[in-house]
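Just below is one structure, and these are the notes that go with it.
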Amino acid sequence: MARRRVLLLSLAFLGSLYYHKAYGIDVYTEKEHVTAREFEEAILSCIYKAKKVTNLRIEWKKVRSSGVSFIYYNRNFVGNFTGRAEMWNSSIRLRNVTRHDAGRYRCEISAATEQGQDAAETEVSLLVLVPPALPVCMVPSSAMSGTVIELRCKENEGVPASNYRWYRNGIALLEKPGSKRGKKGRVSYTMNTVTGTLQFNPVSNNDTGEYYCEAANGIGPPRKCPVKRMQVDDLNVGGIIAAVVIVSLIIACCGLGVYYAQTKGYFSKKNSSMEKSSKHSTTQNENDFKHTKSFII
């Protein structure tokens with residue numbers, strides 16, 4: 001019984017394949033993944049094979065995460081494809097491709113057959129190659145020797161994503177310098193060509209110079225940011241100690257002056273004179289009040 005069911009299912013499947021081949025529509029693409037440079041043209045291939053069909057209908061849609069939208073419907077292009085695209089049978093020739101055209105597209109073809117309505121579809125992805133934009137570089141103008149300093153470089157328009165390289169005084173820095181010692185001392189930095197960071201750990205006065213970064217992704221010429229100078233100075237320990245000593249001496253002198261004034265009674269004499277002045281003012285006010293009262297009576 002089970003074998004009979006399997007046999008019937010197999011025959012039904014083979015029959016459907018034969019029907020689709022004889023009467024249905026077969027849709028496929030010659031190139032599933034299309035790559036084009038920005039502002040050039042791209043061909044979105046969609047080919048169908050159909051027998052004994054009528055009222056053939058072709059539709060193209062762009063597939064997004066939020067849903068799908070028509071780009072070719074009712075024999076007309078819609079949206080930003082209008083004026084830039086043309087149909088080649090059931091394929092699309094798109095001129096002046098922009099980065100906003102990148103994405104997945106679906107070609108849907110339907111028609112009436114002898115056995116009813118039939119439809120099939122295929123998908124094509126479009127990748128638009130974009131050259132890098134002018135990168136933005138963050139380089140500190142000054143730094144203290146012995147500290148950790150990080151220089152940053154980034155651009156967000158290139159497709160594929162750009163790789164980065166740093167230059168100092170017009171000379172490209174090695175991606176992996178290790179810890180070799182040169183004529184000017186130990187090389188101590190790490191450059192990440194993917195993220196665009198250049199970290200000195202620690203930085204020294206030998207790292208003083210003019211820096212710029214270059215972004216490249218193989219599409220169009222590399223772009224570089226304006227040159228910025230970083231000045232690295234050694235920590236002046238002697239100057240700091242001298243400043244601390246001078247400030248301490250000033251504070252000590254002020255304290256001694258206050259103590260000397262207290263021992264000589266300068267503050268008590270001043271308070272006594274202030275009290276006498278206050279009493280004299282009070283007595284004068286009372287006499288003035290009595291005189292005024294007597295005058296009124």
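Residue names in the structure tokens use chain letters A, B, ... in the order shown, residue numbers from 1 in each chain, and ligand numbers from 1 in the order shown.
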Taking the backbone alone, and naming residues the way the document does, which bits of range 26-217 of chain A are helix (DSSP H, G or I) by DSSP, as number ranges by chain? A: 79-81, 99-101, 205-207
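Residue neighbourhood of Met138 in chain A, excluding near-sequence residues (fewer than 2 positions): Val136, Pro140, Glu150, Leu151, Arg152, Cys153 and Lys228 of chain A, at 9 Å, using only C-alpha atoms.
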Output the selection as an mmCIF file, in the first residue's frame - N, CA, C and O atoms for each residue.
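Saved to result_34.cif:
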```cif
data_model
loop_
_atom_site.group_PDB
_atom_site.id
_atom_site.type_symbol
_atom_site.label_atom_id
_atom_site.label_comp_id
_atom_site.auth_asym_id
_atom_site.auth_seq_id
_atom_site.Cartn_x
_atom_site.Cartn_y
_atom_site.Cartn_z
ATOM 1 N N VAL A 136 38.007 61.643 6.115
ATOM 2 C CA VAL A 136 38.139 62.605 7.215
ATOM 3 C C VAL A 136 39.198 62.075 8.169
ATOM 4 O O VAL A 136 39.104 60.943 8.653
ATOM 5 N N PRO A 140 45.869 64.780 16.221
ATOM 6 C CA PRO A 140 46.087 65.806 17.254
ATOM 7 C C PRO A 140 47.232 66.726 16.858
ATOM 8 O O PRO A 140 48.239 66.276 16.312
ATOM 9 N N GLU A 150 46.128 58.091 19.236
ATOM 10 C CA GLU A 150 45.503 57.381 18.119
ATOM 11 C C GLU A 150 45.042 58.363 17.050
ATOM 12 O O GLU A 150 44.301 59.304 17.348
ATOM 13 N N LEU A 151 45.474 58.151 15.825
ATOM 14 C CA LEU A 151 45.048 58.932 14.675
ATOM 15 C C LEU A 151 43.965 58.130 13.944
ATOM 16 O O LEU A 151 44.066 56.902 13.833
ATOM 17 N N ARG A 152 42.943 58.824 13.428
ATOM 18 C CA ARG A 152 41.818 58.134 12.801
ATOM 19 C C ARG A 152 41.555 58.663 11.395
ATOM 20 O O ARG A 152 41.746 59.848 11.128
ATOM 21 N N CYS A 153 41.102 57.742 10.533
ATOM 22 C CA CYS A 153 40.798 58.087 9.139
ATOM 23 C C CYS A 153 39.583 57.276 8.711
ATOM 24 O O CYS A 153 39.513 56.067 8.963
ATOM 25 N N LYS A 228 48.117 67.139 8.065
ATOM 26 C CA LYS A 228 48.050 67.751 9.392
ATOM 27 C C LYS A 228 49.324 67.437 10.157
ATOM 28 O O LYS A 228 49.838 66.322 10.089
#
```
Quick one: everything within 12 Å of Asn156 in chain A, counting only C-alpha atoms, minus sequence neighbours fewer than 6 positions away in the same chain. Send it as a VMD selection string. chain A and resid 130 to 136 162 to 163 195 to 196 215 to 217
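Each of A:Leu249, A:Thr190, A:Tyr105, A:Tyr72 was checked against Ile149 in chain A using only C-alpha atoms; the smallest atom-to-atom distance is that of A:Thr190.
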For range 25-34 of chain A, find every residue with an atom within 12 Å (counting only C-alpha atoms), except residues of its own chain fewer than 5 positions away, and show them as a short mmCIF file (atom, residue, chain, number, x, y, z; two decimals) with all heavy atoms, in the first residue's frame.
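Listing of around_20.cif after writing:
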```
data_model
loop_
_atom_site.label_atom_id
_atom_site.label_comp_id
_atom_site.auth_asym_id
_atom_site.auth_seq_id
_atom_site.Cartn_x
_atom_site.Cartn_y
_atom_site.Cartn_z
N LEU A 17 5.89 18.07 -14.01
CA LEU A 17 7.08 18.55 -14.72
C LEU A 17 6.84 18.53 -16.22
O LEU A 17 7.22 19.46 -16.94
CB LEU A 17 8.30 17.68 -14.36
CG LEU A 17 8.87 17.86 -12.94
CD1 LEU A 17 10.05 16.91 -12.75
CD2 LEU A 17 9.30 19.31 -12.71
N TYR A 18 6.22 17.47 -16.72
CA TYR A 18 5.96 17.39 -18.16
C TYR A 18 4.99 18.47 -18.60
O TYR A 18 5.17 19.12 -19.62
CB TYR A 18 5.40 16.00 -18.49
CG TYR A 18 4.94 15.90 -19.92
CD1 TYR A 18 5.86 15.73 -20.96
CD2 TYR A 18 3.58 16.00 -20.24
CE1 TYR A 18 5.43 15.66 -22.27
CE2 TYR A 18 3.15 15.93 -21.55
CZ TYR A 18 4.09 15.76 -22.57
OH TYR A 18 3.67 15.69 -23.87
N TYR A 19 3.97 18.72 -17.75
CA TYR A 19 3.00 19.76 -18.10
C TYR A 19 3.68 21.12 -18.15
O TYR A 19 3.48 21.90 -19.07
CB TYR A 19 1.86 19.78 -17.07
CG TYR A 19 1.10 21.08 -17.08
CD1 TYR A 19 0.17 21.36 -18.08
CD2 TYR A 19 1.35 22.04 -16.09
CE1 TYR A 19 -0.49 22.56 -18.10
CE2 TYR A 19 0.67 23.24 -16.11
CZ TYR A 19 -0.25 23.50 -17.12
OH TYR A 19 -0.90 24.69 -17.13
N HIS A 20 4.54 21.41 -17.12
CA HIS A 20 5.19 22.71 -17.09
C HIS A 20 6.11 22.90 -18.29
O HIS A 20 6.23 23.98 -18.86
CB HIS A 20 5.96 22.86 -15.77
CG HIS A 20 6.45 24.24 -15.54
ND1 HIS A 20 7.67 24.69 -16.00
CD2 HIS A 20 5.87 25.30 -14.90
CE1 HIS A 20 7.84 25.94 -15.65
NE2 HIS A 20 6.77 26.35 -14.97
N GLU A 41 26.32 51.45 -17.15
CA GLU A 41 25.07 50.75 -17.38
C GLU A 41 25.15 49.32 -16.87
O GLU A 41 26.24 48.75 -16.69
CB GLU A 41 24.68 50.77 -18.85
CG GLU A 41 25.53 49.88 -19.74
CD GLU A 41 24.96 49.77 -21.15
OE1 GLU A 41 24.39 50.75 -21.67
OE2 GLU A 41 25.08 48.67 -21.73
N ALA A 42 23.96 48.75 -16.63
CA ALA A 42 23.87 47.38 -16.14
C ALA A 42 22.73 46.67 -16.87
O ALA A 42 21.72 47.30 -17.22
CB ALA A 42 23.64 47.36 -14.64
N ILE A 43 22.89 45.37 -17.07
CA ILE A 43 21.86 44.54 -17.69
C ILE A 43 21.33 43.57 -16.65
O ILE A 43 22.08 42.77 -16.09
CB ILE A 43 22.42 43.75 -18.90
CG1 ILE A 43 23.06 44.70 -19.93
CG2 ILE A 43 21.31 42.92 -19.53
CD1 ILE A 43 22.09 45.67 -20.56
N LEU A 44 20.03 43.67 -16.38
CA LEU A 44 19.36 42.73 -15.49
C LEU A 44 18.67 41.69 -16.36
O LEU A 44 17.65 41.96 -17.00
CB LEU A 44 18.35 43.46 -14.60
CG LEU A 44 18.90 44.65 -13.79
CD1 LEU A 44 17.80 45.26 -12.93
CD2 LEU A 44 20.09 44.24 -12.95
N SER A 45 19.25 40.50 -16.40
CA SER A 45 18.80 39.47 -17.33
C SER A 45 17.60 38.70 -16.80
O SER A 45 17.57 38.29 -15.63
CB SER A 45 19.96 38.50 -17.60
OG SER A 45 19.51 37.35 -18.28
N CYS A 46 16.61 38.51 -17.67
CA CYS A 46 15.43 37.69 -17.36
C CYS A 46 14.97 37.04 -18.66
O CYS A 46 14.60 37.75 -19.60
CB CYS A 46 14.32 38.53 -16.74
SG CYS A 46 12.82 37.58 -16.37
N ILE A 47 15.03 35.73 -18.72
CA ILE A 47 14.69 35.01 -19.95
C ILE A 47 13.60 33.99 -19.63
O ILE A 47 13.62 33.36 -18.57
CB ILE A 47 15.94 34.28 -20.50
CG1 ILE A 47 17.04 35.31 -20.82
CG2 ILE A 47 15.59 33.46 -21.74
CD1 ILE A 47 18.35 34.68 -21.19
N TYR A 48 12.64 33.87 -20.52
CA TYR A 48 11.55 32.92 -20.30
C TYR A 48 11.41 32.01 -21.52
O TYR A 48 11.73 32.37 -22.64
CB TYR A 48 10.23 33.65 -20.03
CG TYR A 48 9.65 34.36 -21.23
CD1 TYR A 48 8.75 33.73 -22.09
CD2 TYR A 48 10.02 35.68 -21.51
CE1 TYR A 48 8.22 34.38 -23.19
CE2 TYR A 48 9.50 36.34 -22.61
CZ TYR A 48 8.60 35.69 -23.44
OH TYR A 48 8.08 36.33 -24.53
N LYS A 49 10.92 30.82 -21.23
CA LYS A 49 10.56 29.87 -22.28
C LYS A 49 9.13 29.44 -22.01
O LYS A 49 8.80 29.00 -20.91
CB LYS A 49 11.49 28.66 -22.26
CG LYS A 49 12.92 28.97 -22.69
CD LYS A 49 13.76 27.71 -22.70
CE LYS A 49 15.18 28.02 -23.17
NZ LYS A 49 16.03 26.80 -23.17
N ALA A 50 8.29 29.62 -23.01
CA ALA A 50 6.87 29.30 -22.84
C ALA A 50 6.32 28.67 -24.12
O ALA A 50 6.74 29.02 -25.23
CB ALA A 50 6.09 30.56 -22.49
N LYS A 51 5.38 27.76 -23.96
CA LYS A 51 4.71 27.12 -25.09
C LYS A 51 3.21 27.21 -24.90
O LYS A 51 2.70 27.01 -23.80
CB LYS A 51 5.13 25.65 -25.20
CG LYS A 51 6.60 25.45 -25.52
CD LYS A 51 6.94 23.99 -25.64
CE LYS A 51 8.41 23.78 -25.97
NZ LYS A 51 8.74 22.34 -26.08
N LYS A 52 2.56 27.53 -25.98
CA LYS A 52 1.09 27.58 -25.99
C LYS A 52 0.56 28.50 -24.90
O LYS A 52 -0.25 28.11 -24.07
CB LYS A 52 0.51 26.18 -25.83
CG LYS A 52 0.93 25.21 -26.93
CD LYS A 52 0.34 23.84 -26.72
CE LYS A 52 0.79 22.88 -27.81
NZ LYS A 52 0.22 21.52 -27.61
N VAL A 53 1.07 29.75 -24.88
CA VAL A 53 0.61 30.73 -23.88
C VAL A 53 0.05 31.94 -24.61
O VAL A 53 0.41 32.24 -25.75
CB VAL A 53 1.75 31.16 -22.94
CG1 VAL A 53 2.27 29.99 -22.14
CG2 VAL A 53 2.89 31.83 -23.72
N THR A 54 -0.82 32.65 -23.91
CA THR A 54 -1.38 33.91 -24.42
C THR A 54 -1.41 34.92 -23.28
O THR A 54 -1.28 34.56 -22.10
CB THR A 54 -2.81 33.70 -24.94
OG1 THR A 54 -3.62 33.16 -23.89
CG2 THR A 54 -2.83 32.77 -26.14
N LEU A 56 0.76 37.25 -22.31
CA LEU A 56 1.99 37.24 -21.51
C LEU A 56 2.14 38.56 -20.77
O LEU A 56 2.02 39.63 -21.36
CB LEU A 56 3.19 37.00 -22.43
CG LEU A 56 4.52 36.72 -21.74
CD1 LEU A 56 4.49 35.34 -21.10
CD2 LEU A 56 5.67 36.80 -22.75
N ARG A 57 2.43 38.50 -19.48
CA ARG A 57 2.61 39.70 -18.67
C ARG A 57 3.96 39.65 -17.96
O ARG A 57 4.29 38.65 -17.31
CB ARG A 57 1.49 39.83 -17.63
CG ARG A 57 1.56 41.15 -16.85
CD ARG A 57 0.37 41.31 -15.92
NE ARG A 57 0.42 40.34 -14.83
CZ ARG A 57 -0.52 40.24 -13.89
NH1 ARG A 57 -1.59 41.03 -13.93
NH2 ARG A 57 -0.40 39.34 -12.93
N ILE A 58 4.74 40.76 -18.10
CA ILE A 58 6.07 40.84 -17.50
C ILE A 58 6.06 41.96 -16.47
O ILE A 58 5.64 43.08 -16.76
CB ILE A 58 7.15 41.11 -18.57
CG1 ILE A 58 7.14 40.00 -19.63
CG2 ILE A 58 8.52 41.23 -17.92
CD1 ILE A 58 8.04 40.28 -20.81
N SER A 90 12.48 40.56 -22.20
CA SER A 90 12.02 40.61 -20.81
C SER A 90 13.13 41.06 -19.85
O SER A 90 12.91 41.12 -18.64
CB SER A 90 11.51 39.23 -20.38
OG SER A 90 12.49 38.23 -20.64
N SER A 91 14.31 41.39 -20.39
CA SER A 91 15.43 41.88 -19.56
C SER A 91 15.40 43.41 -19.50
O SER A 91 14.72 44.07 -20.30
CB SER A 91 16.76 41.40 -20.14
OG SER A 91 16.82 39.99 -20.16
N ILE A 92 16.17 43.98 -18.58
CA ILE A 92 16.22 45.42 -18.40
C ILE A 92 17.64 45.92 -18.67
O ILE A 92 18.62 45.36 -18.13
CB ILE A 92 15.79 45.84 -16.98
CG1 ILE A 92 14.31 45.57 -16.76
CG2 ILE A 92 16.08 47.32 -16.73
CD1 ILE A 92 13.82 45.93 -15.38
N ARG A 93 17.75 46.96 -19.47
CA ARG A 93 19.01 47.67 -19.65
C ARG A 93 18.89 49.00 -18.90
O ARG A 93 18.08 49.85 -19.26
CB ARG A 93 19.29 47.92 -21.13
CG ARG A 93 20.58 48.71 -21.37
CD ARG A 93 20.66 49.18 -22.80
NE ARG A 93 21.88 49.94 -23.04
CZ ARG A 93 22.08 50.69 -24.12
NH1 ARG A 93 21.13 50.79 -25.06
NH2 ARG A 93 23.20 51.34 -24.27
N LEU A 94 19.69 49.15 -17.87
CA LEU A 94 19.63 50.33 -17.01
C LEU A 94 20.86 51.20 -17.23
O LEU A 94 22.00 50.75 -17.05
CB LEU A 94 19.55 49.91 -15.53
CG LEU A 94 19.49 51.03 -14.50
CD1 LEU A 94 18.24 51.89 -14.71
CD2 LEU A 94 19.51 50.46 -13.09
N VAL A 97 23.70 54.08 -13.84
CA VAL A 97 23.43 53.41 -12.58
C VAL A 97 23.97 54.25 -11.41
O VAL A 97 25.05 54.82 -11.49
CB VAL A 97 24.09 52.01 -12.57
CG1 VAL A 97 23.99 51.37 -11.20
CG2 VAL A 97 23.47 51.13 -13.63
N ASP A 101 20.60 52.32 -6.76
CA ASP A 101 20.00 51.23 -7.54
C ASP A 101 20.43 49.86 -7.04
O ASP A 101 19.86 48.85 -7.46
CB ASP A 101 20.37 51.36 -9.02
CG ASP A 101 19.82 52.64 -9.64
OD1 ASP A 101 18.72 53.05 -9.25
OD2 ASP A 101 20.51 53.23 -10.51
N ALA A 102 21.42 49.82 -6.17
CA ALA A 102 21.90 48.53 -5.68
C ALA A 102 20.80 47.81 -4.91
O ALA A 102 19.98 48.41 -4.22
CB ALA A 102 23.12 48.73 -4.78
N GLY A 103 20.76 46.48 -5.06
CA GLY A 103 19.76 45.69 -4.35
C GLY A 103 19.35 44.45 -5.12
O GLY A 103 19.99 44.05 -6.10
N ARG A 104 18.25 43.84 -4.68
CA ARG A 104 17.73 42.63 -5.31
C ARG A 104 16.49 42.97 -6.14
O ARG A 104 15.63 43.74 -5.71
CB ARG A 104 17.37 41.57 -4.26
CG ARG A 104 18.59 40.93 -3.62
CD ARG A 104 18.20 39.70 -2.81
NE ARG A 104 17.19 39.99 -1.80
CZ ARG A 104 16.05 39.33 -1.66
NH1 ARG A 104 15.74 38.36 -2.52
NH2 ARG A 104 15.20 39.63 -0.69
N TYR A 105 16.42 42.35 -7.33
CA TYR A 105 15.30 42.58 -8.25
C TYR A 105 14.66 41.24 -8.61
O TYR A 105 15.36 40.21 -8.73
CB TYR A 105 15.78 43.29 -9.51
CG TYR A 105 16.27 44.70 -9.24
CD1 TYR A 105 17.59 44.95 -8.88
CD2 TYR A 105 15.40 45.79 -9.35
CE1 TYR A 105 18.04 46.24 -8.64
CE2 TYR A 105 15.84 47.08 -9.11
CZ TYR A 105 17.16 47.30 -8.75
OH TYR A 105 17.59 48.58 -8.50
N ARG A 106 13.35 41.28 -8.80
CA ARG A 106 12.60 40.07 -9.13
C ARG A 106 11.87 40.26 -10.46
O ARG A 106 11.14 41.25 -10.64
CB ARG A 106 11.60 39.76 -8.04
CG ARG A 106 10.78 38.48 -8.28
CD ARG A 106 9.73 38.31 -7.19
NE ARG A 106 10.37 38.19 -5.89
CZ ARG A 106 9.74 38.42 -4.74
NH1 ARG A 106 8.47 38.81 -4.74
NH2 ARG A 106 10.38 38.27 -3.61
N CYS A 107 12.08 39.33 -11.34
CA CYS A 107 11.38 39.30 -12.63
C CYS A 107 10.26 38.27 -12.54
O CYS A 107 10.52 37.08 -12.28
CB CYS A 107 12.36 38.95 -13.75
SG CYS A 107 11.57 38.68 -15.35
N GLU A 108 9.03 38.73 -12.73
CA GLU A 108 7.86 37.84 -12.65
C GLU A 108 7.16 37.83 -14.02
O GLU A 108 6.83 38.89 -14.56
CB GLU A 108 6.89 38.32 -11.58
CG GLU A 108 7.50 38.33 -10.18
CD GLU A 108 6.53 38.85 -9.14
OE1 GLU A 108 5.40 39.27 -9.52
OE2 GLU A 108 6.88 38.86 -7.94
N ILE A 109 6.92 36.64 -14.52
CA ILE A 109 6.26 36.49 -15.82
C ILE A 109 5.08 35.53 -15.65
O ILE A 109 5.23 34.44 -15.08
CB ILE A 109 7.22 35.95 -16.89
CG1 ILE A 109 8.37 36.95 -17.09
CG2 ILE A 109 6.49 35.71 -18.21
CD1 ILE A 109 9.39 36.52 -18.11
N SER A 110 3.93 35.97 -16.13
CA SER A 110 2.72 35.14 -16.04
C SER A 110 2.02 35.15 -17.39
O SER A 110 2.18 36.09 -18.19
CB SER A 110 1.79 35.66 -14.93
OG SER A 110 1.38 36.99 -15.21
N ALA A 111 1.21 34.12 -17.62
CA ALA A 111 0.49 34.00 -18.89
C ALA A 111 -0.63 32.99 -18.73
O ALA A 111 -0.65 32.16 -17.81
CB ALA A 111 1.43 33.59 -20.01
N ALA A 112 -1.57 33.09 -19.65
CA ALA A 112 -2.67 32.12 -19.68
C ALA A 112 -2.28 30.94 -20.55
O ALA A 112 -1.79 31.13 -21.68
CB ALA A 112 -3.93 32.78 -20.21
N THR A 113 -2.45 29.76 -20.02
CA THR A 113 -2.15 28.54 -20.78
C THR A 113 -3.45 27.78 -21.03
O THR A 113 -4.53 28.18 -20.60
CB THR A 113 -1.17 27.65 -19.99
OG1 THR A 113 -1.83 27.16 -18.81
CG2 THR A 113 0.08 28.43 -19.60
N GLY A 116 -4.92 26.95 -17.74
CA GLY A 116 -5.17 28.02 -16.78
C GLY A 116 -4.00 28.98 -16.67
O GLY A 116 -3.07 28.95 -17.50
N GLN A 117 -4.03 29.86 -15.65
CA GLN A 117 -2.97 30.85 -15.47
C GLN A 117 -1.72 30.20 -14.91
O GLN A 117 -1.79 29.38 -13.98
CB GLN A 117 -3.46 31.96 -14.52
CG GLN A 117 -2.59 33.20 -14.50
CD GLN A 117 -2.77 34.07 -15.74
OE1 GLN A 117 -3.70 33.85 -16.53
NE2 GLN A 117 -1.90 35.04 -15.94
N ASP A 118 -0.59 30.57 -15.47
CA ASP A 118 0.69 30.04 -15.00
C ASP A 118 1.66 31.20 -14.81
O ASP A 118 1.56 32.22 -15.51
CB ASP A 118 1.26 29.02 -15.99
CG ASP A 118 2.44 28.26 -15.40
OD1 ASP A 118 2.56 28.25 -14.16
OD2 ASP A 118 3.23 27.71 -16.16
N ALA A 119 2.58 31.05 -13.86
CA ALA A 119 3.54 32.13 -13.56
C ALA A 119 4.85 31.54 -13.08
O ALA A 119 4.89 30.42 -12.54
CB ALA A 119 2.97 33.09 -12.51
N ALA A 120 5.93 32.29 -13.27
CA ALA A 120 7.26 31.89 -12.79
C ALA A 120 8.07 33.16 -12.56
O ALA A 120 7.72 34.25 -13.04
CB ALA A 120 7.94 30.97 -13.79
N GLU A 121 9.15 33.03 -11.82
CA GLU A 121 9.96 34.21 -11.47
C GLU A 121 11.41 33.83 -11.27
O GLU A 121 11.75 32.65 -11.09
CB GLU A 121 9.43 34.86 -10.19
CG GLU A 121 9.53 33.97 -8.97
CD GLU A 121 8.94 34.60 -7.73
OE1 GLU A 121 7.86 35.23 -7.83
OE2 GLU A 121 9.54 34.45 -6.65
N THR A 122 12.27 34.84 -11.28
CA THR A 122 13.69 34.70 -10.98
C THR A 122 14.19 36.00 -10.37
O THR A 122 13.57 37.05 -10.55
CB THR A 122 14.50 34.35 -12.24
OG1 THR A 122 15.85 34.04 -11.87
CG2 THR A 122 14.52 35.50 -13.23
N GLU A 123 15.30 35.93 -9.66
CA GLU A 123 15.84 37.12 -8.98
C GLU A 123 17.26 37.41 -9.45
O GLU A 123 18.03 36.50 -9.78
CB GLU A 123 15.82 36.95 -7.46
CG GLU A 123 14.43 37.02 -6.87
CD GLU A 123 14.45 37.19 -5.36
OE1 GLU A 123 15.55 37.16 -4.76
OE2 GLU A 123 13.36 37.35 -4.76
N VAL A 124 17.56 38.71 -9.46
CA VAL A 124 18.88 39.19 -9.85
C VAL A 124 19.34 40.21 -8.81
O VAL A 124 18.55 41.07 -8.38
CB VAL A 124 18.86 39.86 -11.25
CG1 VAL A 124 20.24 40.34 -11.64
CG2 VAL A 124 18.30 38.90 -12.28
N SER A 125 20.60 40.13 -8.39
CA SER A 125 21.15 41.11 -7.45
C SER A 125 22.08 42.06 -8.20
O SER A 125 22.83 41.63 -9.09
CB SER A 125 21.91 40.42 -6.31
OG SER A 125 23.06 39.77 -6.80
N LEU A 126 22.03 43.34 -7.83
CA LEU A 126 22.85 44.37 -8.47
C LEU A 126 23.75 45.01 -7.42
O LEU A 126 23.27 45.55 -6.42
CB LEU A 126 21.97 45.43 -9.12
CG LEU A 126 22.70 46.65 -9.70
CD1 LEU A 126 23.66 46.22 -10.81
CD2 LEU A 126 21.69 47.67 -10.22
N LEU A 127 25.04 44.94 -7.66
CA LEU A 127 26.03 45.59 -6.80
C LEU A 127 26.64 46.75 -7.57
O LEU A 127 27.19 46.56 -8.66
CB LEU A 127 27.13 44.60 -6.39
CG LEU A 127 28.30 45.18 -5.58
CD1 LEU A 127 27.84 45.69 -4.22
CD2 LEU A 127 29.41 44.15 -5.41
N VAL A 128 26.54 47.95 -7.02
CA VAL A 128 27.07 49.15 -7.67
C VAL A 128 28.39 49.53 -7.01
O VAL A 128 28.45 49.76 -5.80
CB VAL A 128 26.07 50.32 -7.57
CG1 VAL A 128 26.62 51.54 -8.27
CG2 VAL A 128 24.73 49.92 -8.19
N LEU A 129 29.43 49.57 -7.81
CA LEU A 129 30.77 49.90 -7.31
C LEU A 129 30.94 51.42 -7.27
O LEU A 129 30.72 52.10 -8.27
CB LEU A 129 31.84 49.26 -8.20
CG LEU A 129 31.73 47.74 -8.37
CD1 LEU A 129 32.80 47.24 -9.32
CD2 LEU A 129 31.83 47.03 -7.02
#
```
Excluding Met230 in chain A and residues on its chain fewer than 6 positions from it, collect all residues at most 7 Å away from it, counting only C-alpha atoms, and give them as an MDAnalysis selection string. chainID A and resid 139:142 208:210
Quick one: everything within 8 Å of Val148 in chain A, counting only C-alpha atoms, minus sequence neighbours fewer than 6 positions away in the same chain. Send it as a PyMOL selection string. chain A and resi 199-203
If you keep C-alpha atoms, can you produce a file of those selected residues as an mmCIF file, in the first residue's frame?
```cif
data_model
loop_
_atom_site.group_PDB
_atom_site.id
_atom_site.type_symbol
_atom_site.label_atom_id
_atom_site.label_comp_id
_atom_site.auth_asym_id
_atom_site.auth_seq_id
_atom_site.Cartn_x
_atom_site.Cartn_y
_atom_site.Cartn_z
ATOM 1 C CA GLN A 199 48.015 54.110 17.230
ATOM 2 C CA PHE A 200 51.295 55.104 18.896
ATOM 3 C CA ASN A 201 51.887 53.219 22.132
ATOM 4 C CA PRO A 202 53.734 55.143 23.364
ATOM 5 C CA VAL A 203 54.371 58.190 21.207
#
```
How many Å lie between CA of Thr98 in chain A and CA of Asn80 in chain A, rounded to one decimal?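 We find that CA of Thr98 in chain A and CA of Asn80 in chain A lie 10.5 Å from each other.
Here CA of Ser204 in chain A stands at a distance of 19.7 Å from CA of Asn192 in chain A.
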